[in-house]
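K.L.:
Just passing along the structure, written as structure tokens.
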Amino acid sequence: MKIATKNINIKNEVFTLTNQRVLFWKKEKALILSDLHIGKTAHFRKNGIALSDQVFENDLQRLSVLIEYFKPEKFLVVGDLLHAGDNSGVDKFCEWKNQFPNLEFHLIEGNHDKISKKLEAKLCLNFRDEFLEIDEFIFVHDFQKKNEKFQITGHIHPGFVINSSVKNIKLPCFVVSENQLLLPAFSEFTGLDTKNLPKKGRFYVFTDAEIYEI
């Protein structure tokens with residue numbers, strides 16, 4: 001696994017984009033990501049669709065490498081940590097999470113995060129709310145049109161189409177506009193939306209090896 005990075009400046013703060021679907025904020029020592037959709041494959045199996053857990057296990061392995069690389073103090077999920085409540089995927093995540101007892105886990109709730117008190121205790125989160133404000137930034141799962149602060153969001157699973165004479169290729173990306181930084185979905189088991197994206201945004205499209213500004 002290769003980690004490619006690109007620093008961008010927003011409101012005099014440096015954020016590091018990666019080709020591994022995460023954002024790092026050095027000042028806050030925070031690893032920021034969105035849309036893990038933990039338990040999605042287990043949910044499909046429960047509903048009669050046979051899917052392997054390998055994609056989810058790969059997601060957790062990528063997270064372990066990224067934690068080792070950036071050495072964050074905070075793990076900040078901007079919505080849709082879960083996919084469909086409690087299941088075997090959540091158990092695997094909690095087992096993985098226990099490897100990092102000194103890492104703070106923060107959740108900004110997304111539309112899939114249906115969390116009972118029992119499940120919240122199981123997840124052992126340090127913070128859980130519908131939004132989080134830090135300095136000039138607000139972290140919220142879906143963009144709020146009436147909020148004037150700069151928003152770091154998820155939810156959309158943004159993608160960009162590279163046109164080719166042979167085949168059109170759809171790639172995940174970050175999108176940065178005047179008042180929003182839209183994160184890619186961390187889980188590779190998600191579709192990509194190429195239409196419902198911020199207007200007049202800069203696209204940071206990435207492959208397994210590089211990040212390209214478009």
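Labels for the structure tokens follow display order: chains A, B, ..., residues from 1 in each chain, ligands from 1.
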As a PyMOL selection string, please: every residue in range 11-164 of chain A that DSSP puts in strand (DSSP E).

P.N.:
chain A and resi 13-18+23-25+30-33+74-78+104-108+127-129+131-134+137-140+150-153+159-162

K.L.:
Can you pull out every residue within 10 Å of Cys94 in chain A, counting only C-alpha atoms, but drop anything in the same chain fewer than 5 positions away, and send it as a list in words?

P.N.:
Ser88, Gly89, Gln99, Lys122, Leu123 and Cys124 of chain A

K.L.:
List every residue of range 7-213 of chain A that DSSP, applied to the backbone, labels as helix (DSSP H, G or I), and write the result as number ranges by chain.

P.N.:
A: 40-46, 54-70, 88-97, 117-123

K.L.:
With only C-alpha atoms as the counted atoms, please give the residues lying no more than 7 Å from Leu33 in chain A, apart from itself and same-chain residues fewer than 4 positions off, as a list in words.

P.N.:
Arg21, Val22, Leu23, Leu76, Val77, Val78, Leu183 and Phe186 of chain A

K.L.:
Hey, what's within 9 Å of Glu104 in chain A if we count only C-alpha atoms and toss same-chain stuff fewer than 4 positions away? As a list in words, please?

P.N.:
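Result of the neighbour search: Pro72, Glu73, Lys74, Phe75, Leu76, Phe100, Leu125, Asn126 and Phe127 of chain A.
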
K.L.:
What does the file look like for those residues with N, CA and C atoms, as a PDB file, in the first residue's frame?

P.N.:
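Once everything was written out, this is selection_19.pdb:
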```pdb
ATOM      1  N   PRO A  72      -1.875   9.787  14.781  1.00  0.00           N
ATOM      2  CA  PRO A  72      -2.850  10.768  15.278  1.00  0.00           C
ATOM      3  C   PRO A  72      -3.190  10.537  16.744  1.00  0.00           C
ATOM      4  N   GLU A  73      -3.754  11.573  17.347  1.00  0.00           N
ATOM      5  CA  GLU A  73      -4.313  11.450  18.697  1.00  0.00           C
ATOM      6  C   GLU A  73      -5.840  11.356  18.654  1.00  0.00           C
ATOM      7  N   LYS A  74      -6.417  11.800  17.518  1.00  0.00           N
ATOM      8  CA  LYS A  74      -7.864  11.766  17.347  1.00  0.00           C
ATOM      9  C   LYS A  74      -8.207  11.033  16.050  1.00  0.00           C
ATOM     10  N   PHE A  75      -9.275  10.267  16.110  1.00  0.00           N
ATOM     11  CA  PHE A  75      -9.818   9.544  14.961  1.00  0.00           C
ATOM     12  C   PHE A  75     -11.226  10.087  14.774  1.00  0.00           C
ATOM     13  N   LEU A  76     -11.434  10.877  13.732  1.00  0.00           N
ATOM     14  CA  LEU A  76     -12.663  11.637  13.579  1.00  0.00           C
ATOM     15  C   LEU A  76     -13.434  11.138  12.355  1.00  0.00           C
ATOM     16  N   PHE A 100      -5.853   0.354  19.872  1.00  0.00           N
ATOM     17  CA  PHE A 100      -5.423   1.751  19.967  1.00  0.00           C
ATOM     18  C   PHE A 100      -6.081   2.422  21.179  1.00  0.00           C
ATOM     19  N   LEU A 125     -17.142   5.357  22.318  1.00  0.00           N
ATOM     20  CA  LEU A 125     -16.757   6.598  21.637  1.00  0.00           C
ATOM     21  C   LEU A 125     -16.413   7.670  22.667  1.00  0.00           C
ATOM     22  N   ASN A 126     -15.428   8.524  22.328  1.00  0.00           N
ATOM     23  CA  ASN A 126     -15.093   9.650  23.190  1.00  0.00           C
ATOM     24  C   ASN A 126     -16.014  10.843  22.946  1.00  0.00           C
ATOM     25  N   PHE A 127     -16.598  10.900  21.744  1.00  0.00           N
ATOM     26  CA  PHE A 127     -17.461  12.028  21.379  1.00  0.00           C
ATOM     27  C   PHE A 127     -18.467  11.531  20.365  1.00  0.00           C
TER      28      PHE A 127
END
```

K.L.:
With a distance cut-off of 12 Å and only C-alpha atoms, select the neighbouring residues of Phe139 in chain A, excluding the residue or stretch itself and same-chain residues fewer than 3 positions from it, and output the selection as a count of residues only.

P.N.:
37

K.L.:
Measuring atom to atom with only C-alpha atoms, identify which of A:Glu148, A:Asp113, A:Glu28, A:Asp208 is nearest to Glu13 in chain A.

P.N.:
A:Glu28
